[in-house]
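Just work-v3.cif here, mmCIF, C-alpha atoms:
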data_work
loop_
_atom_site.label_atom_id
_atom_site.label_comp_id
_atom_site.auth_asym_id
_atom_site.auth_seq_id
_atom_site.Cartn_x
_atom_site.Cartn_y
_atom_site.Cartn_z
CA MET A 1 -17.50 -26.53 36.39
CA VAL A 2 -17.71 -23.15 34.67
CA GLN A 3 -13.96 -22.77 34.87
CA ASP A 4 -13.49 -26.19 33.17
CA ALA A 5 -15.87 -25.21 30.36
CA ARG A 6 -13.82 -22.10 29.71
CA ARG A 7 -10.45 -23.83 29.89
CA ARG A 8 -8.42 -23.55 26.71
CA ARG A 9 -8.15 -27.01 25.19
CA GLY A 10 -4.71 -28.31 24.33
CA MET A 11 -3.13 -31.00 22.19
CA ARG A 12 -3.57 -33.59 24.95
CA ASP A 13 -7.33 -33.05 24.83
CA VAL A 14 -7.30 -33.51 21.06
CA ALA A 15 -5.13 -36.61 21.30
CA ALA A 16 -7.47 -38.18 23.85
CA ALA A 17 -10.55 -37.41 21.76
CA ALA A 18 -8.97 -38.76 18.57
CA GLY A 19 -7.29 -41.78 20.17
CA VAL A 20 -3.82 -40.82 18.94
CA SER A 21 -0.57 -39.63 20.49
CA VAL A 22 0.24 -35.99 21.21
CA SER A 23 3.08 -36.22 18.67
CA THR A 24 0.55 -37.21 15.98
CA VAL A 25 -1.53 -34.12 16.81
CA ALA A 26 1.64 -32.01 16.56
CA ASN A 27 2.38 -33.47 13.14
CA VAL A 28 -1.14 -32.70 11.92
CA LEU A 29 -0.59 -29.10 12.99
CA ASN A 30 2.94 -28.58 11.75
CA ASN A 31 3.77 -31.32 9.24
CA PRO A 32 0.48 -32.77 7.97
CA GLY A 33 2.09 -34.45 4.98
CA VAL A 34 3.59 -37.19 7.19
CA VAL A 35 0.21 -38.19 8.67
CA ALA A 36 -2.13 -40.67 6.96
CA GLU A 37 -5.19 -38.98 5.48
CA ALA A 38 -7.69 -40.94 7.60
CA THR A 39 -5.76 -40.16 10.79
CA ARG A 40 -5.45 -36.50 9.87
CA ALA A 41 -9.20 -36.26 9.28
CA ARG A 42 -9.89 -37.90 12.67
CA VAL A 43 -7.57 -35.48 14.46
CA GLU A 44 -9.07 -32.45 12.72
CA ALA A 45 -12.57 -33.61 13.66
CA ALA A 46 -11.42 -34.00 17.27
CA MET A 47 -10.06 -30.44 17.22
CA ASP A 48 -13.51 -29.16 16.28
CA THR A 49 -15.20 -31.35 18.88
CA VAL A 50 -13.08 -30.23 21.84
CA GLY A 51 -12.79 -26.61 20.66
CA PHE A 52 -9.03 -26.61 20.15
CA VAL A 53 -7.42 -23.32 19.07
CA ARG A 54 -3.74 -23.13 18.13
CA SER A 55 -1.57 -21.04 20.44
CA ALA A 56 0.63 -18.57 18.57
CA PRO A 57 2.97 -18.02 21.58
CA ALA A 58 3.41 -21.77 21.97
CA ARG A 59 4.13 -22.09 18.25
CA GLN A 60 6.82 -19.42 18.47
CA LEU A 61 8.34 -21.01 21.57
CA ARG A 62 8.90 -24.10 19.43
CA GLY A 63 10.87 -21.93 17.02
CA LEU A 64 8.18 -21.74 14.34
CA PRO A 65 7.60 -18.40 12.59
CA SER A 66 4.64 -16.22 13.50
CA ARG A 67 1.64 -16.22 11.15
CA LEU A 68 0.95 -12.54 11.80
CA VAL A 69 2.24 -9.79 9.48
CA GLY A 70 1.74 -6.09 10.14
CA SER A 71 0.95 -3.50 7.47
CA ILE A 72 1.39 0.18 8.25
CA THR A 73 0.18 2.56 5.54
CA LEU A 74 -0.63 6.25 5.44
CA ASP A 75 -4.41 5.73 5.31
CA GLN A 76 -5.90 2.28 4.83
CA SER A 77 -9.31 3.78 4.02
CA HIS A 78 -7.87 5.33 0.83
CA PRO A 79 -8.62 3.15 -2.24
CA PHE A 80 -4.92 2.97 -3.16
CA TYR A 81 -3.88 1.56 0.21
CA ALA A 82 -6.91 -0.74 0.31
CA GLU A 83 -5.70 -2.23 -3.00
CA LEU A 84 -2.13 -2.47 -1.68
CA ASN A 85 -3.27 -4.32 1.42
CA ARG A 86 -5.36 -6.67 -0.69
CA GLY A 87 -2.28 -7.56 -2.71
CA ILE A 88 -0.37 -8.21 0.52
CA GLU A 89 -3.22 -10.24 2.01
CA ASP A 90 -3.67 -12.43 -1.07
CA HIS A 91 -0.06 -13.59 -0.94
CA LEU A 92 -0.02 -14.00 2.83
CA ASP A 93 -3.15 -16.12 2.66
CA GLU A 94 -1.38 -18.53 0.31
CA ALA A 95 1.35 -18.85 2.96
CA GLY A 96 -1.11 -19.38 5.82
CA CYS A 97 -0.48 -15.96 7.35
CA MET A 98 -2.80 -13.15 8.41
CA LEU A 99 -2.53 -9.40 7.88
CA LEU A 100 -3.01 -6.82 10.61
CA ALA A 101 -3.38 -3.38 8.98
CA CYS A 102 -3.21 0.08 10.53
CA SER A 103 -2.81 3.70 9.40
CA THR A 104 -0.45 6.51 10.38
CA ASP A 105 -2.39 9.45 8.91
CA LEU A 106 1.11 10.75 8.05
CA ARG A 107 1.81 11.29 11.75
CA PRO A 108 5.30 10.16 12.84
CA ASP A 109 4.10 9.68 16.42
CA LYS A 110 1.32 7.36 15.28
CA GLU A 111 3.76 5.47 13.07
CA LEU A 112 6.09 4.92 16.03
CA ARG A 113 3.22 3.75 18.24
CA ALA A 114 2.06 1.27 15.58
CA LEU A 115 5.59 -0.09 15.19
CA ARG A 116 5.94 -0.57 18.94
CA LEU A 117 2.58 -2.29 19.32
CA LEU A 118 3.25 -4.60 16.39
CA GLU A 119 6.74 -5.41 17.62
CA GLU A 120 5.27 -6.46 20.97
CA GLN A 121 3.23 -9.11 19.13
CA SER A 122 6.40 -10.71 17.70
CA PRO A 123 5.03 -10.71 14.11
CA ARG A 124 6.60 -12.41 11.12
CA GLY A 125 7.46 -8.89 10.01
CA VAL A 126 6.14 -5.46 9.11
CA ILE A 127 5.41 -3.96 5.69
CA ILE A 128 5.33 -0.18 5.91
CA THR A 129 4.72 2.87 3.78
CA PRO A 130 6.81 5.23 5.93
CA THR A 131 5.96 8.81 6.81
CA GLY A 132 9.53 9.70 5.87
CA GLU A 133 10.44 10.82 9.38
CA GLN A 134 13.34 9.20 11.26
CA PRO A 135 14.04 6.17 9.02
CA GLN A 136 16.48 4.91 11.66
CA ARG A 137 13.51 3.74 13.71
CA LEU A 138 12.75 1.21 10.96
CA THR A 139 16.30 -0.13 10.87
CA ALA A 140 16.18 -0.37 14.67
CA VAL A 141 13.06 -2.57 14.48
CA SER A 142 14.79 -4.79 11.92
CA SER A 143 17.94 -5.04 14.02
CA ARG A 144 15.85 -6.25 16.96
CA GLY A 145 14.62 -9.21 14.94
CA THR A 146 11.40 -8.04 13.26
CA PRO A 147 11.92 -7.88 9.48
CA VAL A 148 10.77 -4.65 7.82
CA VAL A 149 9.93 -4.14 4.13
CA LEU A 150 9.43 -0.64 2.74
CA LEU A 151 6.48 -0.23 0.39
CA ASP A 152 6.12 2.68 -2.05
CA ALA A 153 9.45 3.96 -0.74
CA ARG A 154 13.11 3.64 -1.71
CA GLN A 155 15.82 2.08 0.45
CA ALA A 156 17.50 5.47 0.95
CA GLY A 157 20.39 4.01 2.91
CA THR A 158 18.24 1.95 5.30
CA GLY A 159 19.54 -1.38 3.99
CA LEU A 160 16.00 -2.79 4.13
CA CYS A 161 14.07 -4.53 1.38
CA ALA A 162 12.01 -2.01 -0.57
CA VAL A 163 9.32 -2.07 -3.24
CA ALA A 164 8.86 1.23 -5.03
CA VAL A 165 7.67 2.93 -8.22
CA ASP A 166 9.60 5.30 -10.46
CA HIS A 167 7.34 8.24 -9.63
CA GLU A 168 9.57 10.75 -11.39
CA LEU A 169 9.00 8.83 -14.61
CA GLY A 170 5.28 8.80 -13.84
CA GLY A 171 5.18 12.58 -13.57
CA ARG A 172 7.21 12.91 -16.76
CA LEU A 173 4.85 10.61 -18.68
CA ALA A 174 1.86 12.73 -17.65
CA GLY A 175 3.65 15.93 -18.63
CA GLU A 176 4.87 14.66 -21.99
CA HIS A 177 1.38 13.47 -22.86
CA LEU A 178 -0.18 16.88 -22.15
CA ILE A 179 2.62 18.78 -23.87
CA GLY A 180 2.18 16.55 -26.91
CA LEU A 181 -1.46 17.64 -26.99
CA GLY A 182 -0.36 21.27 -27.19
CA HIS A 183 -0.78 22.28 -23.55
CA ARG A 184 1.70 24.86 -22.28
CA ARG A 185 0.14 25.92 -18.99
CA ILE A 186 0.00 22.82 -16.80
CA ALA A 187 -0.90 22.66 -13.10
CA PHE A 188 0.10 20.09 -10.51
CA VAL A 189 -2.68 19.51 -7.99
CA THR A 190 -1.84 17.95 -4.62
CA ALA A 191 -4.00 16.95 -1.68
CA GLY A 192 -1.83 16.91 1.41
CA PRO A 193 1.73 16.97 2.77
CA ASP A 194 4.62 17.12 0.33
CA ILE A 195 5.90 13.59 0.90
CA GLU A 196 8.67 12.04 -1.19
CA PRO A 197 6.52 10.18 -3.78
CA VAL A 198 4.57 13.39 -4.39
CA ARG A 199 7.78 15.40 -4.81
CA GLN A 200 9.07 12.82 -7.28
CA ARG A 201 5.94 13.09 -9.43
CA ARG A 202 6.14 16.87 -9.39
CA ASP A 203 9.83 16.74 -10.28
CA GLY A 204 9.09 14.49 -13.24
CA LEU A 205 6.38 16.83 -14.48
CA ALA A 206 8.68 19.83 -14.02
CA ALA A 207 11.45 18.06 -15.97
CA ALA A 208 9.09 17.39 -18.87
CA SER A 209 8.05 21.05 -18.80
CA ARG A 210 11.66 22.26 -18.86
CA ASP A 211 12.56 19.90 -21.70
CA ALA A 212 9.72 21.40 -23.73
CA GLY A 213 10.92 24.93 -23.03
CA LEU A 214 8.11 25.74 -20.59
CA VAL A 215 9.29 28.05 -17.85
CA GLU A 216 6.40 27.65 -15.43
CA LEU A 217 4.77 24.71 -13.73
CA ARG A 218 1.63 25.92 -11.99
CA MET A 219 0.92 24.71 -8.48
CA ALA A 220 -2.51 24.85 -6.89
CA PRO A 221 -1.75 27.01 -3.83
CA ALA A 222 -4.59 25.42 -1.88
CA GLY A 223 -4.68 21.70 -1.15
CA PHE A 224 -7.89 19.71 -1.21
CA ALA A 225 -8.07 20.05 2.56
CA GLU A 226 -9.24 23.59 1.77
CA GLY A 227 -12.09 22.24 -0.36
CA THR A 228 -12.63 21.62 -4.05
CA ASP A 229 -13.93 25.14 -4.72
CA ALA A 230 -10.79 26.69 -3.25
CA VAL A 231 -8.55 24.56 -5.44
CA ILE A 232 -10.51 25.32 -8.61
CA SER A 233 -10.56 29.04 -7.80
CA ALA A 234 -6.79 29.03 -7.20
CA LEU A 235 -6.25 27.34 -10.56
CA LEU A 236 -8.74 29.07 -12.81
CA ASP A 237 -9.61 32.49 -11.40
CA ARG A 238 -6.69 34.24 -13.08
CA ALA A 239 -5.97 35.94 -16.37
CA ASP A 240 -4.03 33.00 -17.84
CA PRO A 241 -5.37 29.82 -16.22
CA PRO A 242 -3.85 26.41 -16.94
CA THR A 243 -5.34 24.34 -19.71
CA ALA A 244 -4.39 21.04 -18.10
CA ALA A 245 -3.82 19.56 -14.64
CA VAL A 246 -1.87 16.58 -13.35
CA CYS A 247 -3.35 15.36 -10.07
CA VAL A 248 -1.46 13.61 -7.32
CA ASN A 249 -3.83 10.64 -7.48
CA ASP A 250 -7.07 9.43 -9.06
CA VAL A 251 -9.23 10.41 -6.07
CA VAL A 252 -8.09 14.03 -6.36
CA ALA A 253 -8.58 13.92 -10.14
CA LEU A 254 -12.16 12.72 -9.74
CA ALA A 255 -12.90 15.42 -7.16
CA LEU A 256 -11.46 18.04 -9.50
CA ILE A 257 -13.53 16.80 -12.44
CA ARG A 258 -16.75 16.81 -10.43
CA GLY A 259 -15.98 20.30 -9.14
CA LEU A 260 -15.39 21.56 -12.65
CA GLU A 261 -18.65 20.02 -13.82
CA ALA A 262 -20.49 21.77 -10.98
CA ARG A 263 -19.17 25.06 -12.40
CA GLY A 264 -20.43 24.18 -15.85
CA LEU A 265 -16.93 23.51 -17.18
CA ARG A 266 -16.07 20.63 -19.48
CA VAL A 267 -13.35 18.00 -19.17
CA PRO A 268 -11.33 17.91 -21.35
CA GLY A 269 -12.84 20.86 -23.27
CA ASP A 270 -12.02 23.49 -20.64
CA LEU A 271 -9.37 21.60 -18.68
CA SER A 272 -7.59 18.32 -19.43
CA VAL A 273 -7.08 16.19 -16.31
CA VAL A 274 -4.60 13.38 -15.60
CA GLY A 275 -4.82 11.19 -12.50
CA TYR A 276 -2.31 8.84 -10.92
CA ASP A 277 -2.63 5.17 -9.79
CA ASP A 278 -5.28 3.77 -12.18
CA LEU A 279 -7.61 2.72 -9.38
CA PRO A 280 -10.42 0.33 -10.34
CA PHE A 281 -12.95 3.15 -10.80
CA ALA A 282 -10.76 5.12 -13.23
CA ALA A 283 -11.94 3.25 -16.32
CA HIS A 284 -15.61 3.35 -15.33
CA VAL A 285 -16.26 6.98 -14.39
CA ARG A 286 -17.52 9.30 -17.12
CA PRO A 287 -15.49 10.73 -18.67
CA ALA A 288 -13.07 7.80 -18.22
CA LEU A 289 -9.93 9.01 -16.51
CA THR A 290 -6.56 9.37 -18.21
CA THR A 291 -4.07 8.34 -15.55
CA VAL A 292 -0.61 7.03 -14.75
CA ALA A 293 -0.96 3.36 -13.82
CA ARG A 294 1.08 1.38 -11.38
CA PRO A 295 0.45 -2.32 -10.55
CA ILE A 296 -0.99 -1.73 -7.09
CA ARG A 297 -1.85 -5.28 -6.03
CA GLU A 298 1.40 -6.53 -7.53
CA LEU A 299 3.31 -4.04 -5.37
CA GLY A 300 1.65 -5.50 -2.28
CA ARG A 301 2.19 -9.07 -3.41
CA VAL A 302 5.90 -8.54 -4.04
CA ALA A 303 6.33 -6.78 -0.69
CA ALA A 304 4.73 -9.77 1.06
CA GLU A 305 6.92 -12.15 -0.92
CA LEU A 306 10.06 -10.30 0.12
CA LEU A 307 8.98 -10.27 3.76
CA LEU A 308 8.28 -14.00 3.88
CA SER A 309 11.69 -14.68 2.33
CA GLU A 310 13.53 -12.75 5.05
CA ASP A 311 14.23 -15.88 7.11
CA ALA A 312 15.44 -17.91 4.12
CA ALA A 313 19.08 -18.90 3.98
CA GLY A 314 21.09 -16.49 1.87
CA HIS A 315 18.40 -13.81 1.81
CA ARG A 316 19.75 -10.49 0.55
CA HIS A 317 17.98 -7.17 0.96
CA GLN A 318 16.95 -5.73 -2.38
CA GLU A 319 15.09 -2.81 -3.89
CA LEU A 320 12.56 -3.51 -6.63
CA VAL A 321 11.38 -0.50 -8.64
CA PHE A 322 8.30 -0.81 -10.86
CA THR A 323 7.82 1.21 -14.03
CA PRO A 324 4.55 3.20 -14.32
CA GLU A 325 2.57 3.39 -17.56
CA LEU A 326 0.38 6.11 -19.03
CA VAL A 327 -3.21 5.02 -19.70
CA ILE A 328 -4.92 7.43 -22.10
CA ARG A 329 -8.69 7.67 -21.79
CA SER A 330 -11.20 10.53 -22.15
CA THR A 331 -10.19 13.29 -19.71
CA THR A 332 -7.35 14.64 -21.85
CA GLY A 333 -7.51 16.18 -25.29
CA PRO A 334 -5.78 18.69 -27.54
CA ILE A 335 -5.84 22.29 -26.52
CA GLY A 336 -8.87 24.06 -28.00
#

Entire entry expressed as structure tokens:
Amino acid sequence: MVQDARRRRGMRDVAAAAGVSVSTVANVLNNPGVVAEATRARVEAAMDTVGFVRSAPARQLRGLPSRLVGSITLDQSHPFYAELNRGIEDHLDEAGCMLLACSTDLRPDKELRALRLLEEQSPRGVIITPTGEQPQRLTAVSSRGTPVVLLDARQAGTGLCAVAVDHELGGRLAGEHLIGLGHRRIAFVTAGPDIEPVRQRRDGLAAASRDAGLVELRMAPAGFAEGTDAVISALLDRADPPTAAVCVNDVVALALIRGLEARGLRVPGDLSVVGYDDLPFAAHVRPALTTVARPIRELGRVAAELLLSEDAAGHRHQELVFTPELVIRSTTGPIG
């Protein structure tokens, strides 16, 4: 008796409860438009009554695509990746799919493990912000039948769909803005490993500095893993400290600003600060953050759109590159 109560209910149980054929139940599940509204409502009520739950493996055995999509990002707890995943999820929800998100913490071994575990679930596909290590593992996953879309990364010879941002332009925009305000000693403040998007931003800032005849781009020798005080000391405790800083993202910029305030220093009076991303809090902190904006949710939405189109006839892999924009607020000003 207990075993019967725990038995997974199938379409036959639903059909018996609704007084229809099994094929009618199948149509309600997979092609509801061909079923009369009254019949569809009766079948759906019977599903609730008997406790019917759709079987994903059975669905895939019938040749229907999985409703599960994997997202692998560097750190899903970071506000940027949370926004990305929300953009992905919003579009997947419209298509009746669900997102399973995980982080790599920039560890290639963790990335590989996540790819393997997701692949075992036979998902509709995987959207990934790669660590940058061994890109051939991503093409291997794709070649085995699980579509892969790169997010915040370029194709770089992988032949996969990719959604990226022109980060070099983003770094240049930040640099040109500060140089236009009269700043000549500009620092670039990072927070972790020197991954490709970070290098691109730094390269853009360095290019703007060179074009303006500046010979030095300051780098904070300590990352934020060493603590805010260490970063500020590395930047400012010198005879000729920078007058402005471009931060790798808005979270780092906010930490820098709060650290400067704790020292009694003013932003932008003592140091102008530029962030990157334009996260939702950037416009609401005080002082409001000057930053380089990229359409975060739109990046996720487009990545999801590309992934869902992978099984369409005539699909061609493509790389879409978004253009960042400078948003000027209150944390930058002319050199005093």

Per residue of stretch 165-206 of chain A within 9 Å of stretch 324-332 of chain A, what are the shortest atom pair and its distance in Å to one decimal, counting only C-alpha atoms, with rows by chain and residue number, as a tab-separated table?
residue	atom	partner	partner_atom	distance
A:Val165	CA	A:Pro324	CA	6.9
A:Asp166	CA	A:Pro324	CA	6.7
A:His167	CA	A:Pro324	CA	7.4
A:Leu169	CA	A:Pro324	CA	7.2
A:Gly170	CA	A:Pro324	CA	5.7
A:Leu173	CA	A:Leu326	CA	6.4
A:Ala174	CA	A:Leu326	CA	6.9
A:His177	CA	A:Leu326	CA	8.4
A:Leu178	CA	A:Thr332	CA	7.5
A:Leu181	CA	A:Thr332	CA	8.4

Applied to the shown file, which residues does the PyMOL selection byres ((chain A and resi 128) around 6) return, written as a list in words?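 With the PyMOL selection byres ((chain A and resi 128) around 6) on this model, the match is Ser71, Ile72, Thr73, Ile127, Thr129, Pro130, Leu150 and Leu151 of chain A.
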
When you count all atoms listed in the file, which of these residues is closest to A:Leu308: A:Val50, A:Cys97, A:Ile335, A:Ala82?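 With all atoms listed in the file as the atom set, the closest residue is A:Cys97.
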
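Between atom CA of A:Lys110 and atom CA of A:Ala162 the interatomic distance comes to 21.3 Å.
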
Between atom CA of A:Ile186 and atom CA of A:Thr243, what distance in Å does the model show, to one decimal? 6.3 Å

Report as a PyMOL selection string the full result of the PyMOL selection byres ((chain A and resi 189) around 7) when it is applied to this structure. chain A and resi 187-188+190-191+219-220+245-248

Residues from last step as file, C-alpha atoms, as a PDB file, keeping the file's coordinate frame:
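What ended up in result09.pdb:
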ATOM      1  CA  ALA A 187      -0.900  22.660 -13.100  1.00  0.00           C
ATOM      2  CA  PHE A 188       0.100  20.090 -10.510  1.00  0.00           C
ATOM      3  CA  THR A 190      -1.840  17.950  -4.620  1.00  0.00           C
ATOM      4  CA  ALA A 191      -4.000  16.950  -1.680  1.00  0.00           C
ATOM      5  CA  MET A 219       0.920  24.710  -8.480  1.00  0.00           C
ATOM      6  CA  ALA A 220      -2.510  24.850  -6.890  1.00  0.00           C
ATOM      7  CA  ALA A 245      -3.820  19.560 -14.640  1.00  0.00           C
ATOM      8  CA  VAL A 246      -1.870  16.580 -13.350  1.00  0.00           C
ATOM      9  CA  CYS A 247      -3.350  15.360 -10.070  1.00  0.00           C
ATOM     10  CA  VAL A 248      -1.460  13.610  -7.320  1.00  0.00           C
TER      11      VAL A 248
END

Select, from A:Leu74, A:Ala212, A:Leu117, A:Ala293, the residue with the minimum atom-to-atom distance to A:Asp152, counting only C-alpha atoms. A:Leu74

Using the chain letters and numbering of this document, enumerate as a PyMOL selection string the residues selected by the PyMOL selection byres ((chain A and resi 269) around 10). chain A and resi 243-244+265-268+270-272+331-336

Nearby residues (all atoms listed in the file) at most 10 Å from A:Arg86, same-chain spacing under 6 positions excluded, as a VMD selection string: chain A and resid 80 92 99 296 to 298 300 to 301

Pick from A:Cys161, A:Val285, A:Cys102, A:Val69 nearest to A:Leu306, counting all atoms listed in the file: A:Cys161

By how many Å are atom CA of A:His91 and atom CA of A:Glu196 apart?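 Going from atom CA of A:His91 over to atom CA of A:Glu196 covers 27.1 Å.
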
If we draw a sphere of 7 Å around (-9.0, 18.3, -10.5), which residues have at least one atom in it when counting only C-alpha atoms? Please report them as an NGL selection string. :A and (189 or 245 or 247 or 252-257 or 273)

Would you please work out which residue, of A:Met11, A:Leu289, A:Glu319, A:Leu299, is nearest to A:Asp90 when using all atoms listed in the file?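 Closest to A:Asp90 of all the choices is A:Leu299.
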